[in-house]
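For reference, coords-v9.cif (mmCIF, C-alpha atoms):
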data_input
#
loop_
_atom_site.label_atom_id
_atom_site.label_comp_id
_atom_site.auth_asym_id
_atom_site.auth_seq_id
_atom_site.Cartn_x
_atom_site.Cartn_y
_atom_site.Cartn_z
CA MET V 243 20.47 -0.57 -22.49
CA LEU V 244 20.62 1.31 -19.20
CA GLU V 245 22.41 4.64 -19.41
CA ALA V 246 22.90 7.14 -16.62
CA ASP V 247 24.48 10.46 -17.34
CA ASN V 248 25.83 13.13 -15.04
CA LEU V 249 23.59 12.25 -12.06
CA GLU V 250 23.56 14.49 -9.04
CA CYS V 251 21.96 13.69 -5.71
CA VAL V 252 21.14 16.18 -2.98
CA ARG V 253 19.56 14.96 0.26
CA GLY V 254 18.55 17.70 2.63
CA GLU V 255 21.32 20.30 2.38
CA ARG V 256 24.06 17.84 1.54
CA ARG V 257 25.24 16.90 -1.91
CA LEU V 258 25.88 13.15 -1.85
CA PHE V 259 27.36 12.77 -5.31
CA ALA V 260 27.55 14.55 -8.64
CA GLY V 261 28.69 13.72 -12.14
CA ILE V 262 27.91 10.02 -11.83
CA GLY V 263 27.36 8.21 -15.11
CA PHE V 264 27.56 4.70 -16.52
CA THR V 265 26.20 2.53 -19.28
CA LEU V 266 25.20 -1.06 -18.83
CA ALA V 267 24.55 -3.50 -21.68
CA ALA V 268 22.80 -6.86 -21.74
CA GLY V 269 24.52 -9.49 -19.63
CA GLU V 270 26.44 -6.96 -17.56
CA LEU V 271 26.56 -6.49 -13.83
CA LEU V 272 27.20 -3.21 -12.05
CA TYR V 273 28.57 -3.28 -8.52
CA LEU V 274 27.89 -0.11 -6.57
CA GLN V 275 30.40 0.42 -3.82
CA GLY V 276 30.96 3.06 -1.23
CA LYS V 277 30.89 3.51 2.49
CA ASN V 278 27.70 3.95 4.52
CA GLY V 279 25.95 7.19 3.67
CA SER V 280 27.71 7.65 0.33
CA GLY V 281 24.40 7.53 -1.53
CA LYS V 282 24.25 3.96 -2.85
CA THR V 283 20.61 3.47 -1.95
CA SER V 284 19.76 6.97 -3.22
CA LEU V 285 21.32 6.11 -6.57
CA LEU V 286 19.32 2.88 -6.74
CA ARG V 287 16.13 4.77 -5.93
CA MET V 288 16.94 7.14 -8.78
CA LEU V 289 17.40 4.19 -11.11
CA ILE V 290 14.00 2.76 -10.19
CA GLY V 291 12.39 6.16 -10.68
CA LEU V 292 11.19 6.81 -7.14
CA LEU V 293 13.67 9.59 -6.46
CA PRO V 294 14.05 12.26 -9.13
CA PRO V 295 17.71 13.22 -9.62
CA GLU V 296 18.73 16.80 -8.89
CA SER V 297 20.23 16.89 -12.38
CA GLY V 298 21.20 14.37 -15.03
CA THR V 299 19.29 11.77 -17.02
CA ILE V 300 18.61 8.06 -16.85
CA ARG V 301 17.58 6.23 -20.01
CA TRP V 302 16.41 2.69 -20.61
CA ARG V 303 16.44 1.40 -24.20
CA GLY V 304 17.00 5.02 -25.23
CA ALA V 305 13.88 6.43 -23.55
CA ALA V 306 13.51 8.30 -20.28
CA ILE V 307 12.49 6.00 -17.43
CA LYS V 308 9.24 7.71 -16.44
CA SER V 309 6.92 5.17 -18.03
CA ASP V 310 4.93 2.02 -17.34
CA ASP V 311 7.03 0.25 -20.00
CA TYR V 312 10.18 0.77 -17.98
CA ARG V 313 8.56 -0.53 -14.84
CA ALA V 314 7.38 -3.62 -16.73
CA ASP V 315 11.09 -4.38 -17.35
CA LEU V 316 12.22 -3.64 -13.82
CA CYS V 317 12.56 -5.84 -10.77
CA TYR V 318 13.62 -4.11 -7.58
CA LEU V 319 14.59 -5.77 -4.35
CA GLY V 320 15.05 -3.24 -1.59
CA HIS V 321 16.46 -3.72 1.86
CA LEU V 322 12.89 -4.06 3.05
CA ASN V 323 11.51 -7.50 2.26
CA ALA V 324 8.09 -6.38 1.02
CA ILE V 325 6.42 -9.43 2.54
CA LYS V 326 3.33 -9.41 4.71
CA GLU V 327 3.80 -10.89 8.17
CA GLU V 328 0.24 -12.20 8.30
CA LEU V 329 0.43 -14.07 5.02
CA THR V 330 2.21 -17.36 4.42
CA PRO V 331 5.28 -17.46 2.16
CA LEU V 332 3.20 -19.02 -0.61
CA GLU V 333 0.48 -16.35 -0.37
CA ASN V 334 3.14 -13.65 -0.30
CA LEU V 335 4.75 -14.90 -3.49
CA LEU V 336 1.45 -15.30 -5.33
CA ALA V 337 0.03 -11.94 -4.19
CA GLY V 338 3.31 -10.18 -5.00
CA ALA V 339 3.36 -11.63 -8.51
CA ARG V 340 -0.27 -10.79 -9.17
CA LEU V 341 0.15 -7.18 -8.05
CA ALA V 342 3.26 -6.83 -10.20
CA ASP V 343 1.42 -8.20 -13.26
CA ALA V 344 3.68 -11.23 -13.40
CA ARG V 345 2.36 -14.69 -14.13
CA LEU V 346 3.19 -17.21 -11.44
CA SER V 347 1.44 -20.52 -10.91
CA GLU V 348 1.13 -22.17 -7.52
CA VAL V 349 3.40 -25.01 -8.69
CA GLU V 350 6.12 -22.56 -9.71
CA ALA V 351 5.79 -20.68 -6.44
CA LEU V 352 6.09 -23.88 -4.42
CA ALA V 353 9.16 -24.91 -6.43
CA ALA V 354 10.73 -21.50 -5.81
CA LEU V 355 10.12 -21.79 -2.08
CA GLU V 356 11.63 -25.26 -2.06
CA GLN V 357 14.68 -23.87 -3.84
CA VAL V 358 15.25 -21.23 -1.16
CA GLY V 359 14.97 -23.89 1.53
CA LEU V 360 11.49 -23.12 2.83
CA ALA V 361 9.92 -26.47 1.92
CA GLY V 362 7.48 -27.45 4.67
CA ARG V 363 7.05 -23.85 5.81
CA GLU V 364 4.99 -22.56 2.92
CA ASP V 365 1.83 -22.60 5.04
CA LEU V 366 3.27 -20.89 8.11
CA ALA V 367 2.54 -17.18 8.57
CA CYS V 368 5.70 -15.17 7.88
CA LYS V 369 5.71 -13.63 11.35
CA TYR V 370 6.87 -17.00 12.71
CA LEU V 371 9.89 -17.09 10.40
CA SER V 372 13.38 -15.91 11.29
CA GLN V 373 14.98 -12.81 9.78
CA GLY V 374 16.99 -14.89 7.31
CA GLN V 375 13.98 -16.98 6.33
CA LYS V 376 11.94 -13.83 5.64
CA ARG V 377 14.75 -12.63 3.42
CA ARG V 378 14.58 -15.97 1.59
CA VAL V 379 10.86 -15.47 0.98
CA ALA V 380 11.66 -12.08 -0.54
CA LEU V 381 14.42 -13.63 -2.67
CA ALA V 382 12.21 -16.50 -3.82
CA ARG V 383 10.53 -14.20 -6.30
CA LEU V 384 13.80 -13.86 -8.20
CA VAL V 385 13.60 -17.57 -9.11
CA ASN V 386 10.85 -17.03 -11.67
CA GLU V 387 11.69 -13.43 -12.45
CA LYS V 388 11.79 -12.89 -16.22
CA ARG V 389 12.14 -9.11 -16.30
CA PRO V 390 15.47 -8.01 -17.79
CA LEU V 391 16.66 -5.36 -15.31
CA TRP V 392 17.30 -6.34 -11.71
CA ILE V 393 18.14 -3.69 -9.16
CA LEU V 394 19.18 -5.23 -5.87
CA ASP V 395 19.91 -3.33 -2.68
CA GLU V 396 22.19 -5.38 -0.42
CA PRO V 397 20.77 -8.74 -1.54
CA PHE V 398 23.20 -10.80 0.54
CA VAL V 399 22.36 -9.31 3.93
CA ALA V 400 21.11 -11.80 6.57
CA LEU V 401 21.87 -14.83 4.39
CA ASP V 402 24.02 -17.83 5.38
CA SER V 403 26.87 -18.86 3.09
CA ALA V 404 24.89 -21.58 1.30
CA ALA V 405 22.17 -19.06 0.48
CA VAL V 406 24.77 -16.53 -0.69
CA ASP V 407 26.11 -19.11 -3.18
CA TRP V 408 22.59 -19.95 -4.31
CA LEU V 409 21.73 -16.28 -4.89
CA ALA V 410 25.01 -15.69 -6.76
CA GLY V 411 24.00 -18.59 -9.02
CA ILE V 412 20.55 -17.10 -9.63
CA ILE V 413 22.04 -13.73 -10.55
CA SER V 414 24.61 -15.39 -12.86
CA ALA V 415 21.88 -17.33 -14.62
CA HIS V 416 19.93 -14.11 -15.08
CA LEU V 417 22.96 -12.38 -16.61
CA GLN V 418 23.64 -15.32 -18.90
CA ARG V 419 20.07 -15.08 -20.19
CA GLY V 420 20.98 -11.55 -21.27
CA GLY V 421 19.64 -9.73 -18.24
CA LEU V 422 21.19 -6.75 -16.49
CA ALA V 423 21.77 -6.26 -12.80
CA VAL V 424 22.76 -3.37 -10.58
CA MET V 425 23.55 -4.18 -6.99
CA THR V 426 25.10 -2.77 -3.86
CA THR V 427 26.97 -5.06 -1.56
CA HIS V 428 29.68 -4.94 1.06
CA GLN V 429 30.83 -8.51 0.60
CA ARG V 430 32.61 -9.71 -2.51
CA VAL V 431 30.71 -12.54 -4.13
CA ASP V 432 31.80 -14.38 -7.25
CA ILE V 433 29.21 -13.87 -9.92
CA ALA V 434 29.84 -15.01 -13.46
CA ALA V 435 28.91 -12.06 -15.67
CA GLY V 436 29.52 -11.01 -19.26
CA ALA V 437 31.20 -7.93 -17.93
CA LEU V 438 31.63 -6.69 -14.41
CA ARG V 439 31.56 -2.96 -13.88
CA GLU V 440 32.26 -1.18 -10.66
CA LEU V 441 31.21 2.23 -9.54
CA ARG V 442 32.55 3.73 -6.35
CA LEU V 443 30.65 6.52 -4.64
CA GLY V 444 32.01 9.00 -2.12
CA MET H 237 -7.61 -3.09 -14.67
CA LEU H 238 -10.51 -4.70 -12.83
CA THR H 239 -8.46 -7.82 -12.13
CA LEU H 240 -5.79 -5.65 -10.52
CA ILE H 241 -8.33 -3.85 -8.31
CA ALA H 242 -9.84 -7.22 -7.42
CA ALA H 243 -6.40 -8.60 -6.54
CA VAL H 244 -5.70 -5.65 -4.22
CA ILE H 245 -9.12 -6.01 -2.55
CA LYS H 246 -8.61 -9.73 -2.08
CA ARG H 247 -5.19 -9.26 -0.53
CA ASP H 248 -6.33 -6.48 1.82
CA LEU H 249 -9.40 -8.44 2.93
CA LYS H 250 -7.25 -11.48 3.62
CA LEU H 251 -4.92 -9.32 5.71
CA ALA H 252 -7.88 -7.82 7.59
CA MET H 253 -9.24 -11.30 8.33
CA ARG H 254 -5.87 -12.36 9.75
CA ARG H 255 -5.81 -9.26 11.93
CA GLN H 256 -9.38 -9.00 13.09
CA ALA H 257 -8.60 -6.96 16.21
CA ASP H 258 -8.41 -3.74 14.14
CA MET H 259 -11.76 -4.26 12.48
CA VAL H 260 -13.53 -5.42 15.63
CA SER H 261 -12.22 -2.55 17.73
CA ALA H 262 -13.58 0.03 15.27
CA ILE H 263 -16.99 -1.63 15.31
CA PHE H 264 -17.05 -1.80 19.11
CA PHE H 265 -15.98 1.83 19.27
CA PHE H 266 -18.99 2.70 17.13
CA ILE H 267 -21.35 0.62 19.28
CA ILE H 268 -20.09 2.07 22.55
CA VAL H 269 -20.02 5.72 21.48
CA VAL H 270 -23.57 5.49 20.11
CA SER H 271 -24.82 3.65 23.21
CA LEU H 272 -23.37 6.24 25.59
CA PHE H 273 -25.79 8.92 24.42
CA PRO H 274 -29.09 7.30 25.46
CA LEU H 275 -27.45 6.41 28.79
CA GLY H 276 -26.26 9.98 29.32
CA ILE H 277 -29.39 11.76 28.19
CA GLY H 278 -31.96 9.55 29.85
CA PRO H 279 -35.26 8.12 28.58
CA GLU H 280 -36.65 11.18 26.81
CA ALA H 281 -37.86 9.64 23.56
CA ASP H 282 -38.48 12.92 21.70
CA LEU H 283 -35.02 14.28 22.41
CA LEU H 284 -33.35 10.96 21.54
CA ARG H 285 -35.22 10.72 18.24
CA LYS H 286 -34.02 14.20 17.35
CA LEU H 287 -30.41 13.47 18.29
CA ALA H 288 -30.17 10.04 16.68
CA PRO H 289 -29.10 10.92 13.11
CA GLY H 290 -26.34 13.27 14.24
CA VAL H 291 -25.04 10.91 16.91
CA LEU H 292 -24.98 7.90 14.60
CA TRP H 293 -23.24 9.81 11.86
CA VAL H 294 -20.63 11.49 14.06
CA ALA H 295 -19.83 8.12 15.62
CA ALA H 296 -19.55 6.61 12.12
CA LEU H 297 -17.11 9.35 11.07
CA LEU H 298 -14.93 8.76 14.12
CA ALA H 299 -15.04 4.98 13.78
CA THR H 300 -13.92 5.20 10.13
CA MET H 301 -11.11 7.52 11.16
CA LEU H 302 -9.73 4.96 13.60
CA SER H 303 -8.40 2.62 10.93
CA LEU H 304 -7.21 5.31 8.52
CA PRO H 305 -3.63 5.75 9.82
CA ARG H 306 -2.93 2.10 9.04
CA LEU H 307 -4.32 2.25 5.52
CA PHE H 308 -0.88 2.76 3.96
CA ALA H 309 1.41 2.69 7.02
CA ASP H 310 1.80 -1.10 7.11
CA ASP H 311 2.56 -1.35 3.40
CA HIS H 312 5.01 1.53 3.76
CA ARG H 313 6.85 -0.02 6.69
CA ASP H 314 7.42 -3.44 5.15
CA GLY H 315 8.33 -2.16 1.68
CA THR H 316 5.21 -3.43 -0.10
CA LEU H 317 4.18 0.09 -1.03
CA GLU H 318 7.46 0.55 -2.91
CA GLN H 319 6.77 -2.59 -4.90
CA LEU H 320 3.21 -1.46 -5.64
CA ALA H 321 4.52 1.90 -6.86
CA LEU H 322 6.99 0.09 -9.14
CA ALA H 323 4.42 -2.24 -10.69
CA PRO H 324 3.70 -1.53 -14.35
CA HIS H 325 0.28 0.00 -13.81
CA PRO H 326 -0.91 3.30 -12.34
CA LEU H 327 -0.68 3.54 -8.55
CA GLY H 328 -4.15 5.15 -8.51
CA LEU H 329 -5.72 1.79 -9.42
CA VAL H 330 -4.01 0.10 -6.49
CA VAL H 331 -5.23 2.84 -4.16
CA THR H 332 -8.77 2.44 -5.56
CA GLY H 333 -8.60 -1.22 -4.56
CA LYS H 334 -7.32 -0.33 -1.12
CA VAL H 335 -10.09 2.25 -0.62
CA ILE H 336 -12.77 -0.28 -1.56
CA ALA H 337 -11.24 -2.86 0.77
CA HIS H 338 -11.12 -0.26 3.55
CA TRP H 339 -14.81 0.43 3.07
CA LEU H 340 -15.72 -3.26 3.09
CA VAL H 341 -13.92 -3.64 6.41
CA SER H 342 -14.80 -0.37 8.12
CA GLY H 343 -17.88 1.20 6.47
CA LEU H 344 -20.05 -1.77 5.56
CA PRO H 345 -20.15 -3.27 9.09
CA LEU H 346 -21.21 0.12 10.48
CA ALA H 347 -24.14 0.28 8.06
CA LEU H 348 -25.22 -3.22 9.02
CA ILE H 349 -25.11 -2.55 12.74
CA ALA H 350 -26.53 1.00 12.68
CA PRO H 351 -30.24 -0.03 12.58
CA VAL H 352 -29.78 -2.16 15.70
CA LEU H 353 -28.20 0.76 17.52
CA GLY H 354 -30.92 3.07 16.20
CA LEU H 355 -33.47 1.12 18.25
CA GLN H 356 -31.96 2.66 21.37
CA PHE H 357 -33.09 6.04 20.07
CA ASP H 358 -36.67 4.94 19.51
CA LEU H 359 -36.44 5.49 15.76
CA SER H 360 -39.31 4.45 13.50
CA THR H 361 -38.87 1.73 10.88
CA GLU H 362 -38.46 4.12 7.97
CA ALA H 363 -36.00 6.20 9.96
CA LEU H 364 -33.94 3.06 10.66
CA LEU H 365 -34.02 2.25 6.98
CA ALA H 366 -32.87 5.78 6.14
CA VAL H 367 -30.01 5.51 8.66
CA THR H 368 -28.82 2.25 7.12
CA LEU H 369 -29.10 3.55 3.58
CA SER H 370 -27.36 6.83 4.27
CA ILE H 371 -24.46 5.17 6.08
CA LEU H 372 -24.24 2.55 3.33
CA ILE H 373 -24.12 5.18 0.61
CA GLY H 374 -22.04 7.76 2.46
CA THR H 375 -19.21 5.75 4.05
CA PRO H 376 -17.37 4.98 0.76
CA ALA H 377 -16.84 8.73 0.45
CA LEU H 378 -15.29 8.69 3.94
CA SER H 379 -12.84 5.96 2.90
CA GLY H 380 -11.94 7.84 -0.28
CA ILE H 381 -11.37 11.22 1.35
CA GLY H 382 -9.62 9.53 4.25
CA ALA H 383 -7.16 7.88 1.86
CA ILE H 384 -5.90 11.32 0.82
CA GLY H 385 -5.31 12.25 4.46
CA ALA H 386 -3.62 8.92 5.17
CA ALA H 387 -1.33 9.33 2.15
CA LEU H 388 -0.41 12.92 3.03
CA THR H 389 0.53 12.04 6.60
CA LEU H 390 2.38 8.84 5.71
CA GLY H 391 5.64 8.53 7.58
CA LEU H 392 5.03 11.54 9.81
CA ARG H 393 5.33 11.30 13.54
CA GLY H 394 1.98 11.90 15.24
CA GLY H 395 0.31 11.34 11.89
CA GLY H 396 -2.83 10.00 13.56
CA VAL H 397 -3.83 13.35 15.06
CA LEU H 398 -2.86 15.18 11.89
CA ILE H 399 -5.13 12.92 9.82
CA SER H 400 -8.10 13.91 11.98
CA LEU H 401 -7.32 17.59 11.52
CA LEU H 402 -6.96 17.18 7.77
CA VAL H 403 -9.83 14.83 7.09
CA LEU H 404 -12.62 15.71 9.53
CA PRO H 405 -13.33 19.14 7.95
CA LEU H 406 -13.60 17.41 4.57
CA TYR H 407 -16.09 14.96 6.07
CA ILE H 408 -18.54 17.77 6.87
CA PRO H 409 -20.56 17.58 3.61
CA VAL H 410 -21.00 13.84 4.06
CA LEU H 411 -22.12 14.39 7.66
CA ILE H 412 -24.62 17.10 6.67
CA PHE H 413 -26.25 15.12 3.87
CA GLY H 414 -26.06 11.83 5.75
CA ALA H 415 -27.72 13.09 8.92
CA GLY H 416 -29.98 15.30 6.77
CA ALA H 417 -31.32 12.27 4.89
CA VAL H 418 -32.50 10.71 8.13
CA ASP H 419 -33.95 13.99 9.39
CA ALA H 420 -35.82 14.56 6.17
CA THR H 421 -37.26 11.06 6.28
CA VAL H 422 -38.42 11.47 9.88
CA THR H 423 -40.08 14.83 9.21
CA GLY H 424 -41.83 13.38 6.15
CA LEU H 425 -40.02 15.48 3.55
CA GLY H 426 -38.40 12.42 1.99
CA GLY H 427 -34.66 11.80 2.06
CA GLU H 428 -34.15 10.95 -1.62
CA GLY H 429 -32.57 14.30 -2.44
CA HIS H 430 -30.03 13.98 0.37
CA LEU H 431 -29.27 10.39 -0.57
CA SER H 432 -28.67 11.37 -4.21
CA LEU H 433 -26.22 14.05 -3.15
CA LEU H 434 -24.55 11.56 -0.85
CA ALA H 435 -24.22 9.12 -3.74
CA ALA H 436 -22.71 11.89 -5.86
CA LEU H 437 -20.14 12.59 -3.14
CA THR H 438 -19.33 8.90 -2.95
CA PHE H 439 -18.84 8.47 -6.68
CA ALA H 440 -16.75 11.63 -6.92
CA SER H 441 -14.47 10.61 -4.07
CA ILE H 442 -14.08 6.98 -5.19
CA GLY H 443 -13.25 8.27 -8.67
CA PHE H 444 -10.89 11.11 -7.84
CA ALA H 445 -9.54 10.64 -4.32
CA PRO H 446 -7.37 7.57 -5.14
CA TRP H 447 -5.44 9.54 -7.74
CA ALA H 448 -4.81 12.40 -5.34
CA ALA H 449 -3.74 9.88 -2.71
CA ALA H 450 -1.43 8.17 -5.23
CA ALA H 451 0.26 11.49 -5.98
CA ALA H 452 0.77 12.06 -2.25
CA LEU H 453 2.16 8.53 -1.85
CA LYS H 454 4.75 9.14 -4.57
CA ILE H 455 5.97 12.18 -2.66
CA ALA H 456 6.13 10.15 0.55
CA LEU H 457 8.22 7.49 -1.22
CA GLU H 458 10.92 9.89 -2.46
#

Once more with this new file: its structure as structure tokens, please.
Amino acid sequence: MLEADNLECVRGERRLFAGIGFTLAAGELLYLQGKNGSGKTSLLRMLIGLLPPESGTIRWRGAAIKSDDYRADLCYLGHLNAIKEELTPLENLLAGARLADARLSEVEALAALEQVGLAGREDLACKYLSQGQKRRVALARLVNEKRPLWILDEPFVALDSAAVDWLAGIISAHLQRGGLAVMTTHQRVDIAAGALRELRLG
Amino acid sequence: MLTLIAAVIKRDLKLAMRRQADMVSAIFFFIIVVSLFPLGIGPEADLLRKLAPGVLWVAALLATMLSLPRLFADDHRDGTLEQLALAPHPLGLVVTGKVIAHWLVSGLPLALIAPVLGLQFDLSTEALLAVTLSILIGTPALSGIGAIGAALTLGLRGGGVLISLLVLPLYIPVLIFGAGAVDATVTGLGGEGHLSLLAALTFASIGFAPWAAAAALKIALE
């Protein structure tokens, strides 16, 4: 489903990587590994289409990824949380879904927030939440996420061990539904996947 | 399409309401700058009447500029802009929503308060009406053109000054026709022609500027 071929990344004057390629089928998980500065985030930004590769191609369902159709299949979670400090967790979830053209009812959003352990805080502006809690608000949108391709940049950062297990479960469930996931992480987490691929940069 | 624009407007207005200091400071800036002129020049009614359109319009330009650097900067910093760029619809529509929300927060209040400030310049009733109308019709163009500047300077250090240098020259036509409409009304020529041109500028910039800004945002996100 997702194919990358011969990707090359140049940032500034430096070539970060070249000749990177992989294919990922339904139900498979790709772990991106590499030390800091090896270009993991750059590769993810290429996969989501924000950073054009120096050379090489990326294809989704056989077509180049520069289209609205691709983005309708894509869910990206960056290292920034993409939540508004002034809004409450509930408002953040609902506004985020509406702007991404996803359907999300208030009941579903509340259930998602309860699942990430934010029950009772859904009406508190996000600026009063801790770093880990803000991350949980960002992760809460994965609970109802139906899009097939998840691209996650360091999803486990700032989470306690219970939340790490919960997130691993969410990703496993997504893969078992036939979804795909690409993620970078420094900690090894057990995720049940149809097939586990690894790609080491640098 | 319209529901998306409406959703962006609703979100941005909600954010503006939770952070009223920004909006209020721009309005007070406008009030104070305009009020300084009668105090500085003294009670010469003829001179004040002549100066009024230019002073009101220049102050309106500067007050709109104040909030421009934050138009995309907040969304950029917290990662929301990335998500908006990845949503399955054109980024230009999102920017259109943001431009309209920016006008509702920064342009509309200026138009509402301008006639009150115009009293300090001893303007006649029809001149006050012309001031309100011209600011009402002209400020959306300021938000639209300003969005391009804000997008081009996104993520740059000292972007605030750079925006002024980029955007203020482009504001000149709006200033000329805006202040001209009031002048023409006062001198009895009728300001309809100026107002029509102002409306044309507004429609052109609301229609085209968001797409130019969206292209600039995509470069900033690389």

May I have a table of the residues of chain H lying at most 9 Å from chain V, giving each one's closest pair of atoms and their distance in Å to one decimal, counting all atoms listed in the file, ordered by chain and ascending residue number, as JSON lines?
{"residue": "H:Leu240", "atom": "CA", "partner": "V:Leu341", "partner_atom": "CA", "distance": 6.6}
{"residue": "H:Ala243", "atom": "CA", "partner": "V:Leu341", "partner_atom": "CA", "distance": 6.9}
{"residue": "H:Val244", "atom": "CA", "partner": "V:Leu341", "partner_atom": "CA", "distance": 7.2}
{"residue": "H:Arg247", "atom": "CA", "partner": "V:Ala337", "partner_atom": "CA", "distance": 6.9}
{"residue": "H:Lys250", "atom": "CA", "partner": "V:Leu329", "partner_atom": "CA", "distance": 8.2}
{"residue": "H:Leu251", "atom": "CA", "partner": "V:Glu328", "partner_atom": "CA", "distance": 6.5}
{"residue": "H:Arg254", "atom": "CA", "partner": "V:Glu328", "partner_atom": "CA", "distance": 6.3}
{"residue": "H:Arg255", "atom": "CA", "partner": "V:Glu328", "partner_atom": "CA", "distance": 7.6}
{"residue": "H:Asp310", "atom": "CA", "partner": "V:Lys326", "partner_atom": "CA", "distance": 8.8}
{"residue": "H:Asp311", "atom": "CA", "partner": "V:Ala324", "partner_atom": "CA", "distance": 7.8}
{"residue": "H:His312", "atom": "CA", "partner": "V:Ala324", "partner_atom": "CA", "distance": 8.9}
{"residue": "H:Arg313", "atom": "CA", "partner": "V:Leu322", "partner_atom": "CA", "distance": 8.1}
{"residue": "H:Asp314", "atom": "CA", "partner": "V:Ala324", "partner_atom": "CA", "distance": 5.1}
{"residue": "H:Gly315", "atom": "CA", "partner": "V:Ala324", "partner_atom": "CA", "distance": 4.3}
{"residue": "H:Thr316", "atom": "CA", "partner": "V:Ala324", "partner_atom": "CA", "distance": 4.3}
{"residue": "H:Leu317", "atom": "CA", "partner": "V:Ala324", "partner_atom": "CA", "distance": 7.8}
{"residue": "H:Glu318", "atom": "CA", "partner": "V:Ala324", "partner_atom": "CA", "distance": 8.0}
{"residue": "H:Gln319", "atom": "CA", "partner": "V:Ala324", "partner_atom": "CA", "distance": 7.2}
{"residue": "H:Leu320", "atom": "CA", "partner": "V:Leu341", "partner_atom": "CA", "distance": 6.9}
{"residue": "H:Ala321", "atom": "CA", "partner": "V:Leu292", "partner_atom": "CA", "distance": 8.3}
{"residue": "H:Leu322", "atom": "CA", "partner": "V:Arg313", "partner_atom": "CA", "distance": 5.9}
{"residue": "H:Ala323", "atom": "CA", "partner": "V:Ala342", "partner_atom": "CA", "distance": 4.8}
{"residue": "H:Pro324", "atom": "CA", "partner": "V:Asp310", "partner_atom": "CA", "distance": 4.8}
{"residue": "H:His325", "atom": "CA", "partner": "V:Asp310", "partner_atom": "CA", "distance": 6.2}
{"residue": "H:Pro326", "atom": "CA", "partner": "V:Asp310", "partner_atom": "CA", "distance": 7.8}
{"residue": "H:Val330", "atom": "CA", "partner": "V:Leu341", "partner_atom": "CA", "distance": 8.5}
{"residue": "H:Lys454", "atom": "CA", "partner": "V:Leu292", "partner_atom": "CA", "distance": 7.3}
{"residue": "H:Ile455", "atom": "CA", "partner": "V:Leu292", "partner_atom": "CA", "distance": 8.7}
{"residue": "H:Leu457", "atom": "CA", "partner": "V:Leu292", "partner_atom": "CA", "distance": 6.7}
{"residue": "H:Glu458", "atom": "CA", "partner": "V:Leu293", "partner_atom": "CA", "distance": 4.9}

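The set of residues that the PyMOL selection byres ((chain V and resi 350) around 12) takes from this file is V:Leu332, V:Leu335, V:Leu336, V:Ala339, V:Arg345, V:Leu346, V:Ser347, V:Glu348, V:Val349, V:Ala351, V:Leu352, V:Ala353, V:Ala354, V:Leu355, V:Glu356, V:Gln357, V:Ala382, V:Arg383, V:Leu384, V:Val385, V:Asn386, V:Glu387.
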
* Selection near Ile300 (chain V), 10 Å with only C-alpha atoms, sequence-local residues under 4 positions removed, as a ChimeraX atom specification -> /V:244-249,263-265,288-291,294-295,304-308

* **Atomic distance CA of Pro390 (chain V) - CA of Leu422 (chain V), expressed in Å with one decimal** =>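 Value for the CA of Pro390 (chain V)-CA of Leu422 (chain V) distance: 6.0 Å.
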
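Pairwise distance (CA of Ser280 (chain V), CA of Arg439 (chain V)) equals 18.1 Å.
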
* Asked: Which of these, H:Ala436, H:Leu401, H:Ala288, H:Leu340, has the shortest distance to Asp248 (chain H) once you count all atoms listed in the file?
  ->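 Counting all atoms listed in the file, the residue closest to Asp248 (chain H) is H:Leu340.
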
* Name the residues that the PyMOL selection byres ((chain H and resi 336) around 12) pulls out of this structure, and write them as number ranges by chain. => H: 241-249, 307, 329-335, 337-344, 375-383, 438-439, 441-443, 445-446

* To do: Apply the PyMOL selection byres ((chain H and resi 271) around 10) to the structure shown and report the selected residues as a list in words.
  =>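 On this input, the PyMOL selection byres ((chain H and resi 271) around 10) captures Phe265, Phe266, Ile267, Ile268, Val269, Val270, Leu272, Phe273, Pro274, Leu275, Gly276, Val291, Leu292, Leu353, Gly354, Gln356 and Phe357 of chain H.
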
* To do: Point out the residue among V:Gly359, V:Glu440, V:His428, V:Ser414 with the least atom-to-atom distance to Asp402 (chain V), counting all atoms listed in the file.
  =>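 Among the listed residues, V:Gly359 lies closest to Asp402 (chain V).
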
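CA of Ala423 (chain V) is found 17.0 Å from CA of Val399 (chain V).
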
* **Close residues, Ser400 (chain H) itself excluded, 8 Å, all atoms listed in the file, min 4 positions apart in chain, as a PyMOL selection string** => chain H and resi 301+396+404

Written-out region 289-294 of chain H (N, CA and C atoms) as an mmCIF file, in the first residue's frame:
data_model
loop_
_atom_site.group_PDB
_atom_site.id
_atom_site.type_symbol
_atom_site.label_atom_id
_atom_site.label_comp_id
_atom_site.auth_asym_id
_atom_site.auth_seq_id
_atom_site.Cartn_x
_atom_site.Cartn_y
_atom_site.Cartn_z
ATOM 1 N N PRO H 289 -9.903 62.198 7.561
ATOM 2 C CA PRO H 289 -9.927 60.926 6.830
ATOM 3 C C PRO H 289 -8.564 60.233 6.826
ATOM 4 N N GLY H 290 -7.512 61.017 6.551
ATOM 5 C CA GLY H 290 -6.176 60.429 6.513
ATOM 6 C C GLY H 290 -5.763 59.859 7.848
ATOM 7 N N VAL H 291 -6.009 60.618 8.920
ATOM 8 C CA VAL H 291 -5.606 60.164 10.249
ATOM 9 C C VAL H 291 -6.336 58.877 10.626
ATOM 10 N N LEU H 292 -7.651 58.866 10.420
ATOM 11 C CA LEU H 292 -8.427 57.679 10.777
ATOM 12 C C LEU H 292 -7.953 56.461 9.987
ATOM 13 N N TRP H 293 -7.692 56.673 8.711
ATOM 14 C CA TRP H 293 -7.309 55.529 7.887
ATOM 15 C C TRP H 293 -5.906 55.021 8.207
ATOM 16 N N VAL H 294 -4.957 55.971 8.402
ATOM 17 C CA VAL H 294 -3.601 55.518 8.742
ATOM 18 C C VAL H 294 -3.622 54.771 10.068
#
